[in-house]
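K.L.:
Hey, dropping run08.txt in here, compact mmCIF, C-alpha atoms:
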# COMPACT_ATOMS: atom_id res chain seq x y z
CA MET A 1 132.25 136.62 92.10
CA LYS A 2 130.04 134.19 90.20
CA ILE A 3 126.76 133.73 92.01
CA LEU A 4 123.87 131.33 91.62
CA LEU A 5 120.45 132.14 93.02
CA VAL A 6 118.58 129.00 94.00
CA VAL A 7 114.84 129.70 93.97
CA PRO A 8 112.89 126.86 95.58
CA CYS A 9 109.23 127.05 94.67
CA TYR A 10 106.12 125.07 95.45
CA ASN A 11 102.85 126.04 93.80
CA GLU A 12 103.92 129.60 93.00
CA LYS A 13 102.20 129.99 89.63
CA GLN A 14 101.06 133.50 90.49
CA ASN A 15 104.41 134.80 91.72
CA ILE A 16 107.26 132.96 90.02
CA PHE A 17 107.13 134.80 86.70
CA THR A 18 107.28 138.25 88.30
CA VAL A 19 110.11 137.12 90.57
CA ILE A 20 112.19 135.71 87.71
CA ASN A 21 111.55 138.81 85.61
CA GLY A 22 112.84 140.94 88.47
CA ILE A 23 115.98 138.84 88.78
CA GLU A 24 116.69 138.92 85.03
CA LYS A 25 116.17 142.67 84.85
CA GLU A 26 118.13 143.68 87.92
CA LEU A 27 120.89 141.11 87.98
CA GLU A 28 122.48 140.58 84.59
CA LYS A 29 125.60 138.82 85.80
CA VAL A 30 123.88 136.51 88.24
CA ASP A 31 122.67 133.01 87.31
CA TYR A 32 119.54 131.58 88.78
CA LEU A 33 117.96 128.14 89.05
CA VAL A 34 114.35 127.55 90.00
CA VAL A 35 113.80 124.30 91.87
CA ASP A 36 110.21 123.27 91.38
CA ASP A 37 109.38 121.15 94.42
CA GLY A 38 106.73 118.92 92.86
CA SER A 39 104.23 121.71 92.22
CA THR A 40 100.70 120.64 91.32
CA ASP A 41 99.25 123.95 90.17
CA GLY A 42 100.90 124.15 86.75
CA THR A 43 104.04 125.98 87.89
CA THR A 44 106.13 123.35 86.09
CA GLN A 45 104.42 123.97 82.74
CA LEU A 46 104.79 127.72 83.22
CA LEU A 47 108.53 127.34 83.85
CA LYS A 48 108.93 125.16 80.77
CA ALA A 49 106.90 127.40 78.46
CA ASN A 50 108.83 130.52 79.46
CA LYS A 51 112.28 128.93 79.05
CA ILE A 52 113.14 129.59 82.67
CA ASN A 53 116.21 127.77 83.99
CA TYR A 54 114.71 125.14 86.27
CA ILE A 55 114.81 121.61 87.58
CA SER A 56 111.69 119.82 88.72
CA LEU A 57 111.33 117.30 91.55
CA HIS A 58 108.64 114.72 90.82
CA VAL A 59 107.15 114.68 94.30
CA ASN A 60 107.06 117.36 96.98
CA CYS A 61 110.09 116.88 99.23
CA GLY A 62 110.16 120.11 101.23
CA LEU A 63 112.28 123.25 101.26
CA LYS A 64 115.42 121.54 102.51
CA ALA A 65 115.47 118.90 99.76
CA ALA A 66 114.60 121.48 97.12
CA PHE A 67 117.46 123.76 98.13
CA GLN A 68 119.87 120.80 98.35
CA ALA A 69 118.89 119.81 94.81
CA GLY A 70 119.75 123.32 93.63
CA VAL A 71 123.15 123.14 95.33
CA GLN A 72 123.73 119.68 93.85
CA TRP A 73 123.10 121.16 90.40
CA ALA A 74 125.49 124.04 91.12
CA VAL A 75 128.24 121.64 92.18
CA GLU A 76 127.86 119.58 89.00
CA GLN A 77 128.18 122.57 86.65
CA PRO A 78 131.39 123.06 84.64
CA ILE A 79 131.69 126.65 85.87
CA HIS A 80 132.56 127.26 89.48
CA TYR A 81 130.10 129.26 91.55
CA ASP A 82 131.77 131.40 94.22
CA ALA A 83 128.52 131.64 96.15
CA VAL A 84 125.02 130.18 96.20
CA CYS A 85 122.13 132.27 97.44
CA GLN A 86 118.70 131.09 98.52
CA PHE A 87 115.99 133.35 97.14
CA ASP A 88 112.25 133.08 97.77
CA ALA A 89 109.85 132.55 94.88
CA ASP A 90 107.06 134.55 96.48
CA GLY A 91 108.32 138.07 95.74
CA GLN A 92 109.45 138.90 99.29
CA HIS A 93 113.08 139.33 98.35
CA ILE A 94 114.38 142.32 96.43
CA PRO A 95 117.03 141.40 93.82
CA ARG A 96 119.00 144.63 94.08
CA TYR A 97 120.34 143.58 97.50
CA ILE A 98 122.24 140.67 95.96
CA PRO A 99 125.23 142.82 94.84
CA GLU A 100 125.30 144.43 98.30
CA MET A 101 125.40 140.99 99.92
CA GLU A 102 128.17 140.02 97.53
CA ASP A 103 130.20 143.11 98.48
CA LEU A 104 129.71 142.45 102.18
CA MET A 105 130.83 138.85 101.67
CA GLU A 106 134.00 140.01 99.93
CA TRP A 107 134.80 142.81 102.37
CA THR A 108 134.26 140.83 105.54
CA LYS A 109 135.42 137.47 104.13
CA ALA A 110 132.19 136.04 105.51
CA ASP A 111 131.13 132.48 104.72
CA VAL A 112 127.44 133.23 105.16
CA VAL A 113 125.66 136.55 104.59
CA ILE A 114 122.13 136.87 105.93
CA ALA A 115 119.84 139.62 104.66
CA SER A 116 118.39 141.00 107.87
CA ARG A 117 115.13 142.89 108.16
CA TYR A 118 115.94 144.01 111.70
CA LYS A 119 119.57 145.06 111.63
CA ASP A 120 118.95 148.67 110.65
CA LYS A 121 115.94 150.57 111.90
CA ASN A 122 115.84 152.71 108.75
CA ARG A 123 115.37 149.63 106.62
CA ARG A 124 112.48 148.15 108.57
CA ILE A 125 110.38 145.40 107.09
CA LEU A 126 107.41 146.80 105.19
CA GLN A 127 105.09 144.06 106.40
CA ASN A 128 103.89 144.38 109.96
CA GLY A 129 105.27 141.34 111.75
CA GLY A 130 102.80 140.74 114.56
CA VAL A 131 103.42 139.42 118.06
CA GLU A 132 104.01 135.78 117.18
CA LYS A 133 106.72 136.70 114.68
CA TRP A 134 108.40 138.95 117.21
CA PHE A 135 108.24 136.14 119.75
CA ALA A 136 109.65 133.54 117.35
CA ARG A 137 112.47 135.86 116.37
CA THR A 138 113.35 136.74 119.96
CA VAL A 139 113.41 133.10 121.05
CA LEU A 140 115.61 132.00 118.14
CA GLN A 141 117.92 135.01 118.54
CA GLY A 142 118.32 134.32 122.25
CA LEU A 143 118.99 130.66 121.65
CA ILE A 144 121.64 131.35 119.00
CA HIS A 145 123.26 133.88 121.33
CA PHE A 146 123.20 131.41 124.22
CA LEU A 147 124.65 128.56 122.17
CA THR A 148 127.27 130.41 120.12
CA GLY A 149 127.70 133.87 121.67
CA ASN A 150 126.85 135.52 118.34
CA LYS A 151 124.12 138.02 117.69
CA ILE A 152 121.98 137.28 114.66
CA THR A 153 119.21 139.83 114.25
CA ASP A 154 117.15 137.94 111.67
CA PRO A 155 117.51 134.16 112.03
CA THR A 156 114.38 133.34 110.00
CA SER A 157 115.35 135.46 107.00
CA GLY A 158 115.01 133.38 103.85
CA LEU A 159 117.57 135.41 101.93
CA ARG A 160 120.98 133.98 102.68
CA MET A 161 124.18 133.79 100.65
CA TYR A 162 126.59 130.92 101.17
CA LYS A 163 130.19 131.05 99.97
CA ASP A 164 131.90 128.11 98.27
CA THR A 165 133.45 127.29 101.64
CA VAL A 166 130.04 126.28 103.00
CA TYR A 167 127.51 125.61 100.25
CA PRO A 168 128.97 122.21 99.26
CA LEU A 169 128.12 121.11 102.81
CA PHE A 170 124.44 121.17 101.89
CA VAL A 171 124.91 118.22 99.56
CA ARG A 172 127.42 116.39 101.70
CA ASP A 173 125.26 116.62 104.81
CA ASP A 174 121.61 115.62 104.53
CA ASN A 175 120.74 117.19 107.86
CA LEU A 176 121.73 120.67 106.80
CA GLY A 177 118.94 122.80 105.38
CA PRO A 178 118.44 126.45 104.47
CA GLU A 179 116.91 127.08 107.90
CA PRO A 180 117.80 128.93 111.14
CA ASP A 181 119.19 125.82 112.86
CA SER A 182 122.00 125.59 110.31
CA ILE A 183 123.23 129.01 111.47
CA VAL A 184 124.07 127.44 114.83
CA TYR A 185 125.97 124.70 113.04
CA PHE A 186 127.97 127.16 110.91
CA LEU A 187 128.81 129.41 113.86
CA LYS A 188 129.85 126.44 115.94
CA LYS A 189 132.16 125.26 113.17
CA GLN A 190 133.81 128.71 113.25
CA TYR A 191 132.41 129.92 109.95
CA ARG A 192 131.90 133.66 109.70
CA VAL A 193 128.30 134.83 109.50
CA GLU A 194 127.52 138.47 108.64
CA GLU A 195 124.27 140.34 108.23
CA LEU A 196 123.23 143.00 105.76
CA ALA A 197 120.36 145.34 106.60
CA VAL A 198 117.66 145.05 103.94
CA LYS A 199 114.00 145.70 103.30
CA MET A 200 111.64 142.97 102.22
CA ASN A 201 108.26 143.04 100.53
CA PRO A 202 105.16 141.35 101.82
CA ARG A 203 104.65 138.29 99.63
CA ILE A 204 102.60 138.89 96.51
CA PHE A 205 100.11 136.04 96.53
CA GLY A 206 99.16 133.14 98.75
CA GLU A 207 100.78 131.44 101.70
CA SER A 208 104.45 130.97 102.40
CA TYR A 209 106.43 127.80 103.08
CA LEU A 210 106.66 128.81 106.73
CA ILE A 211 102.93 129.19 107.24
CA ALA A 212 102.40 125.88 105.49
CA LEU A 213 104.72 124.34 108.07
CA GLU A 214 102.52 125.57 110.94
CA PRO A 215 104.41 128.12 113.09
CA LEU A 216 104.24 126.22 116.39
CA ARG A 217 105.51 122.95 115.01
CA TYR A 218 108.18 124.85 113.12
CA MET A 219 109.35 126.65 116.25
CA PHE A 220 109.34 123.45 118.30
CA TYR A 221 111.45 121.73 115.66
CA MET A 222 113.88 124.66 115.29
CA ILE A 223 114.44 125.02 119.04
CA SER A 224 114.94 121.26 119.50
CA SER A 225 117.26 121.07 116.53
CA MET A 226 119.40 124.00 117.71
CA LEU A 227 119.60 122.66 121.27
CA PHE A 228 120.05 118.96 120.72
CA ILE A 229 121.14 118.34 117.15
CA GLN A 230 123.13 121.10 115.43
CA TRP A 231 124.93 121.99 118.65
CA TRP A 232 126.33 118.48 119.17
CA ARG A 233 127.40 117.67 115.66
CA MET B 1 103.00 83.85 140.54
CA ILE B 2 101.47 84.02 137.13
CA SER B 3 97.75 83.31 136.95
CA ALA B 4 96.45 80.49 134.81
CA ALA B 5 94.37 82.97 132.83
CA MET B 6 97.43 85.01 131.98
CA ARG B 7 99.33 81.89 130.91
CA VAL B 8 96.52 80.86 128.61
CA GLY B 9 96.32 84.43 127.26
CA LEU B 10 100.04 84.56 126.60
CA LEU B 11 99.99 81.13 124.98
CA LEU B 12 97.10 81.96 122.66
CA GLY B 13 98.53 85.40 121.88
CA GLY B 14 101.97 84.00 121.15
CA ILE B 15 100.70 81.18 118.96
CA GLY B 16 98.23 83.46 117.17
CA ASN B 17 100.97 85.97 116.51
CA ALA B 18 103.32 83.27 115.23
CA VAL B 19 100.69 81.82 112.88
CA TYR B 20 99.86 85.25 111.50
CA VAL B 21 103.52 86.17 110.96
CA LEU B 22 104.38 82.80 109.39
CA LYS B 23 101.46 83.14 106.98
CA LYS B 24 102.72 86.55 105.89
CA ILE B 25 106.20 85.11 105.45
CA GLN B 26 104.77 82.33 103.30
CA LYS B 27 103.12 84.88 101.03
CA SER B 28 106.32 86.98 100.94
CA LYS B 29 104.44 89.96 102.38
CA ILE B 30 107.27 90.79 104.76
CA ALA B 31 111.01 90.99 104.23
CA ASN B 32 113.01 88.23 105.93
CA GLU B 33 115.10 90.71 107.92
CA GLU B 34 111.91 92.18 109.39
CA ALA B 35 110.21 88.82 109.96
CA VAL B 36 113.02 87.54 112.17
CA PHE B 37 112.06 89.99 114.92
CA TRP B 38 108.41 88.95 114.89
CA VAL B 39 109.12 85.23 114.89
CA TRP B 40 111.42 85.59 117.88
CA SER B 41 109.01 87.82 119.79
CA SER B 42 106.19 85.29 119.31
CA PHE B 43 108.56 82.60 120.49
CA ILE B 44 109.37 84.56 123.65
CA ILE B 45 105.68 85.09 124.43
CA VAL B 46 105.04 81.37 124.18
CA LEU B 47 108.15 80.67 126.23
CA PHE B 48 106.87 82.85 129.07
CA ALA B 49 103.53 81.00 129.02
CA VAL B 50 105.07 77.53 128.99
CA PHE B 51 107.77 78.24 131.57
CA PRO B 52 106.30 80.71 134.09
CA GLY B 53 109.39 80.13 136.20
CA LEU B 54 111.32 82.37 133.80
CA PRO B 55 109.49 85.66 134.41
CA ILE B 56 109.24 84.84 138.12
CA PHE B 57 112.99 84.31 138.32
CA PHE B 58 113.84 87.54 136.52
CA ALA B 59 111.24 89.51 138.49
CA ARG B 60 112.88 88.42 141.75
CA LEU B 61 116.29 89.20 140.34
CA LEU B 62 115.28 92.79 139.52
CA GLY B 63 113.18 93.27 142.64
CA ILE B 64 109.90 93.57 140.76
CA GLU B 65 106.93 92.43 142.84
CA SER B 66 104.70 91.01 140.16
CA SER B 67 106.06 88.90 137.34
CA ALA B 68 103.29 90.31 135.11
CA ASN B 69 105.01 93.69 135.48
CA LEU B 70 108.26 92.15 134.36
CA ILE B 71 106.58 90.85 131.23
CA PHE B 72 105.22 94.34 130.51
CA LEU B 73 108.58 95.96 131.17
CA PHE B 74 110.34 93.46 128.96
CA PHE B 75 108.08 94.01 126.01
CA ILE B 76 107.96 97.79 126.40
CA ALA B 77 111.76 97.87 126.34
CA LEU B 78 111.86 95.52 123.37
CA LEU B 79 109.34 97.64 121.45
CA LEU B 80 111.16 100.90 122.25
CA VAL B 81 114.35 99.49 120.75
CA ARG B 82 112.38 98.24 117.77
CA VAL B 83 110.68 101.61 117.19
CA PHE B 84 114.02 103.37 117.26
CA GLN B 85 115.39 100.91 114.71
CA LEU B 86 112.38 101.65 112.55
CA SER B 87 113.05 105.39 112.92
CA LEU B 88 116.57 104.78 111.66
CA LYS B 89 115.28 102.76 108.76
CA LEU B 90 112.64 105.36 107.93
CA SER B 91 115.25 108.13 107.93
CA ALA B 92 117.43 106.13 105.57
CA LEU B 93 114.48 105.42 103.28
CA GLU B 94 113.42 109.06 103.20
CA ARG B 95 116.97 110.07 102.42
CA LYS B 96 117.16 107.61 99.54
CA ILE B 97 113.86 108.79 98.06
CA VAL B 98 114.90 112.45 98.24
CA LYS B 99 118.32 111.69 96.74
CA MET B 100 116.74 109.74 93.89
CA ASN B 101 114.26 112.53 93.30
CA GLN B 102 117.02 115.15 93.17
CA LYS B 103 119.19 113.06 90.87
CA THR B 104 116.32 112.43 88.43
CA ALA B 105 115.45 116.13 88.34
CA ILE B 106 119.02 117.09 87.43
CA LYS B 107 119.34 114.25 84.89
CA GLU B 108 116.10 115.27 83.23
CA LYS B 109 117.33 118.82 82.83
CA GLU B 110 120.57 117.57 81.25
CA LYS B 111 118.57 115.42 78.85
CA ALA B 112 116.26 118.28 77.88
CA GLU B 113 119.26 120.47 77.10
CA LEU B 114 120.92 117.97 74.76
Would you mind writing the structure in this file as structure tokens?

P.N.:
Amino acid sequence: MKILLVVPCYNEKQNIFTVINGIEKELEKVDYLVVDDGSTDGTTQLLKANKINYISLHVNCGLKAAFQAGVQWAVEQPIHYDAVCQFDADGQHIPRYIPEMEDLMEWTKADVVIASRYKDKNRRILQNGGVEKWFARTVLQGLIHFLTGNKITDPTSGLRMYKDTVYPLFVRDDNLGPEPDSIVYFLKKQYRVEELAVKMNPRIFGESYLIALEPLRYMFYMISSMLFIQWWR
Amino acid sequence: MISAAMRVGLLLGGIGNAVYVLKKIQKSKIANEEAVFWVWSSFIIVLFAVFPGLPIFFARLLGIESSANLIFLFFIALLLVRVFQLSLKLSALERKIVKMNQKTAIKEKEKAEL
């Protein structure tokens, strides 16, 4: 399988280089594309100077638009990518799980593979989650179960692999983002979603996209979107 | 009944609104498609002031006690519809900006690689 890692990043000067180094070292056969989402801290210059494969949005458009841009690039390439994988630029995700996700995708014929921190108790997340994360996860899990009948142990995981059966949808459909509400959409459309038990690192430096989004507002939006938008489409 | 004070208020408000909107149209500060709504809404305000029989008639028809309430209801409904239309327009605009942004980013990369 030919895989492209899409790495959306916004002001990740401190992390991006380490992350890309890790990808290049561990995954020789995998392509990657960094999508710089209008960074203002010099990330763009860093990407350019180090000959990293990247595209750069001129203004900050958010995670969804950044990921969609990466998929758009993938679709326009002369080679065909069998899968596109979203990969965080903050060092949380461990590259060596990518081949495992790929294997799982092939074995189970899944359309989406989610790297789950909670599927296997032996591969627990290193970072201590805290009550509000447990609460957010439980609510989203319950909602997905209620709406689709499927059990997803880690809906907010940012490490997801999409097969060529689903990733083109991200450019055809503006309302589809690399977020938990899309899982409801995929499950409802009878796509197969599988989970792989993984470990994740605490992020290296700074704040994540999710914290920048304010957790409460994020949860309110996700719940509303799952209930009233993705479910009806 | 509509009080004289309310009629005067409506009349002044309607005319003031119309003058303001027409001035903006003259200076091309507002797109024609958008201006149409504001011209008509000013017209309706003036209409209600000049012919108070209109709101009274419709208030009776709908079983609303005070015709002032009908005027409120009418404009709240009108504005709700308008705000939703603006939401639609805003979504479309946002979409276009993001699409343009994504396209430029990809084009720039292609150019740099040539």

K.L.:
Using only C-alpha atoms, find which residues of chain A lie within 7 Å of chain B and jot them down as a list in words.

P.N.:
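Within 7 Å of chain B on chain A, we get Ile55, Ser56, Leu57, His58, Cys61, Ala65, Ala69 and Trp73 of chain A.
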
K.L.:
Only C-alpha atoms, please: the residues just picked out, written as an mmCIF file, in the coordinates of the input.

P.N.:
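The resulting part_32.cif:
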data_model
loop_
_atom_site.group_PDB
_atom_site.id
_atom_site.type_symbol
_atom_site.label_atom_id
_atom_site.label_comp_id
_atom_site.auth_asym_id
_atom_site.auth_seq_id
_atom_site.Cartn_x
_atom_site.Cartn_y
_atom_site.Cartn_z
ATOM 1 C CA ILE A 55 114.810 121.610 87.580
ATOM 2 C CA SER A 56 111.690 119.820 88.720
ATOM 3 C CA LEU A 57 111.330 117.300 91.550
ATOM 4 C CA HIS A 58 108.640 114.720 90.820
ATOM 5 C CA CYS A 61 110.090 116.880 99.230
ATOM 6 C CA ALA A 65 115.470 118.900 99.760
ATOM 7 C CA ALA A 69 118.890 119.810 94.810
ATOM 8 C CA TRP A 73 123.100 121.160 90.400
#

K.L.:
Quick one, how far is atom CA of Gln26 of chain B from atom CA of Lys89 of chain B?

P.N.:
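Distance reported for this atom pair: 23.6 Å.
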
K.L.:
Which distance in Å separates atom CA of Thr138 of chain A and atom CA of Val7 of chain A, to one decimal?

P.N.:
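Taking atom CA of Thr138 of chain A and atom CA of Val7 of chain A, their separation equals 27.0 Å.
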
K.L.:
Using all atoms listed in the file, determine which residues lie at most 8 Å from Ile223 of chain A, disregarding the query and same-chain residues fewer than 3 positions distant; provide the list as a PDB file with C-alpha atoms, in the frame of the given file.

P.N.:
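Written output follows (out.pdb):
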ATOM      1  CA  LEU A 140     115.610 132.000 118.140  1.00  0.00           C
ATOM      2  CA  LEU A 143     118.990 130.660 121.650  1.00  0.00           C
ATOM      3  CA  ASP A 181     119.190 125.820 112.860  1.00  0.00           C
ATOM      4  CA  MET A 219     109.350 126.650 116.250  1.00  0.00           C
ATOM      5  CA  PHE A 220     109.340 123.450 118.300  1.00  0.00           C
ATOM      6  CA  MET A 226     119.400 124.000 117.710  1.00  0.00           C
ATOM      7  CA  LEU A 227     119.600 122.660 121.270  1.00  0.00           C
TER       8      LEU A 227
END

K.L.:
Quick one, how far is atom CA of Ser41 of chain B from atom CA of Met6 of chain B?

P.N.:
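Separating atom CA of Ser41 of chain B from atom CA of Met6 of chain B is a distance of 17.0 Å.
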
K.L.:
For a quick check of understanding, using only C-alpha atoms, which of B:Asn69, B:Ser42, B:Ser91, B:Ser3 has the smallest distance to Ala18 of chain B?

P.N.:
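Looking at the shortest contact to Ala18 of chain B, the residue is B:Ser42.
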
K.L.:
Between A:Ala136, A:Val75, A:Ala89, A:Phe67, which one has atoms that come closest to Tyr10 of chain A, using only C-alpha atoms?

P.N.:
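With only C-alpha atoms as the atom set, the closest residue is A:Ala89.
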
K.L.:
Select, from A:Arg160, A:Lys133, A:Lys25, A:Lys51, the residue with the minimum atom-to-atom distance to Asp88 of chain A, counting only C-alpha atoms.

P.N.:
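Looking at the shortest contact to Asp88 of chain A, the residue is A:Arg160.
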
K.L.:
Contacts of Pro8 of chain A at 6 Å or less, counting all atoms listed in the file, minus same-chain residues fewer than 6 places along, as a VMD selection string?

P.N.:
chain A and resid 34 to 35 66

K.L.:
Since we have the selection now, will you write its residues out, keeping C-alpha atoms, as a JSON list (two decimals), in the frame of the given file?

P.N.:
[["chain", "number", "residue", "atom", "x", "y", "z"],
["A", 34, "VAL", "CA", 114.35, 127.55, 90.00],
["A", 35, "VAL", "CA", 113.80, 124.30, 91.87],
["A", 66, "ALA", "CA", 114.60, 121.48, 97.12]]

K.L.:
Using all atoms listed in the file, find the one residue out of A:Pro99, A:Glu26, A:Gln72, A:Ile16 that sits nearest to Asn50 of chain A.

P.N.:
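Under the stated criterion, the closest residue is A:Ile16.
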
K.L.:
Which residue gives the smallest distance to Tyr191 of chain A among A:Leu147, A:Leu216, A:Val112, A:Leu169, with all atoms listed in the file counted?

P.N.:
A:Val112

K.L.:
I want to know what sits within 9 Å of Ile183 of chain A, based on only C-alpha atoms, with residues of the same chain fewer than 5 positions away left out; could you give that as a VMD selection string?

P.N.:
chain A and resid 112 144 152 155 178 188 193 226 230

K.L.:
Would you fill out segment 57-77 of chain B with N, CA and C atoms and return it as an mmCIF file, in the coordinates of the input?

P.N.:
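Result saved to rebuild-v4.cif:
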data_model
loop_
_atom_site.group_PDB
_atom_site.id
_atom_site.type_symbol
_atom_site.label_atom_id
_atom_site.label_comp_id
_atom_site.auth_asym_id
_atom_site.auth_seq_id
_atom_site.Cartn_x
_atom_site.Cartn_y
_atom_site.Cartn_z
ATOM 1 N N PHE B 57 111.570 84.231 137.970
ATOM 2 C CA PHE B 57 112.990 84.310 138.320
ATOM 3 C C PHE B 57 113.554 85.706 138.059
ATOM 4 N N PHE B 58 113.270 86.230 136.875
ATOM 5 C CA PHE B 58 113.840 87.540 136.520
ATOM 6 C C PHE B 58 113.199 88.671 137.331
ATOM 7 N N ALA B 59 111.898 88.505 137.670
ATOM 8 C CA ALA B 59 111.240 89.510 138.490
ATOM 9 C C ALA B 59 111.905 89.601 139.855
ATOM 10 N N ARG B 60 112.196 88.452 140.441
ATOM 11 C CA ARG B 60 112.880 88.420 141.750
ATOM 12 C C ARG B 60 114.249 89.048 141.645
ATOM 13 N N LEU B 61 114.933 88.716 140.555
ATOM 14 C CA LEU B 61 116.290 89.200 140.340
ATOM 15 C C LEU B 61 116.331 90.723 140.306
ATOM 16 N N LEU B 62 115.314 91.331 139.665
ATOM 17 C CA LEU B 62 115.280 92.790 139.520
ATOM 18 C C LEU B 62 114.488 93.463 140.632
ATOM 19 N N GLY B 63 113.943 92.682 141.538
ATOM 20 C CA GLY B 63 113.180 93.270 142.640
ATOM 21 C C GLY B 63 111.830 93.795 142.224
ATOM 22 N N ILE B 64 111.243 93.159 141.186
ATOM 23 C CA ILE B 64 109.900 93.570 140.760
ATOM 24 C C ILE B 64 108.890 92.640 141.420
ATOM 25 N N GLU B 65 107.867 93.232 142.049
ATOM 26 C CA GLU B 65 106.930 92.430 142.840
ATOM 27 C C GLU B 65 106.170 91.409 142.012
ATOM 28 N N SER B 66 105.540 91.907 140.940
ATOM 29 C CA SER B 66 104.700 91.010 140.160
ATOM 30 C C SER B 66 105.408 90.617 138.865
ATOM 31 N N SER B 67 105.375 89.330 138.557
ATOM 32 C CA SER B 67 106.060 88.900 137.340
ATOM 33 C C SER B 67 105.332 89.401 136.088
ATOM 34 N N ALA B 68 104.019 89.727 136.242
ATOM 35 C CA ALA B 68 103.290 90.310 135.110
ATOM 36 C C ALA B 68 103.928 91.642 134.723
ATOM 37 N N ASN B 69 104.336 92.408 135.747
ATOM 38 C CA ASN B 69 105.010 93.690 135.480
ATOM 39 C C ASN B 69 106.307 93.494 134.723
ATOM 40 N N LEU B 70 107.013 92.407 135.061
ATOM 41 C CA LEU B 70 108.260 92.150 134.360
ATOM 42 C C LEU B 70 107.991 91.889 132.881
ATOM 43 N N ILE B 71 106.914 91.131 132.629
ATOM 44 C CA ILE B 71 106.580 90.850 131.230
ATOM 45 C C ILE B 71 106.265 92.139 130.482
ATOM 46 N N PHE B 72 105.491 93.028 131.124
ATOM 47 C CA PHE B 72 105.220 94.340 130.510
ATOM 48 C C PHE B 72 106.504 95.091 130.232
ATOM 49 N N LEU B 73 107.326 95.210 131.274
ATOM 50 C CA LEU B 73 108.580 95.960 131.170
ATOM 51 C C LEU B 73 109.427 95.424 130.027
ATOM 52 N N PHE B 74 109.515 94.087 129.977
ATOM 53 C CA PHE B 74 110.340 93.460 128.960
ATOM 54 C C PHE B 74 109.887 93.841 127.557
ATOM 55 N N PHE B 75 108.557 93.731 127.357
ATOM 56 C CA PHE B 75 108.080 94.010 126.010
ATOM 57 C C PHE B 75 108.095 95.494 125.659
ATOM 58 N N ILE B 76 107.872 96.352 126.671
ATOM 59 C CA ILE B 76 107.960 97.790 126.400
ATOM 60 C C ILE B 76 109.388 98.139 125.964
ATOM 61 N N ALA B 77 110.365 97.596 126.683
ATOM 62 C CA ALA B 77 111.760 97.870 126.340
ATOM 63 C C ALA B 77 112.076 97.356 124.936
#
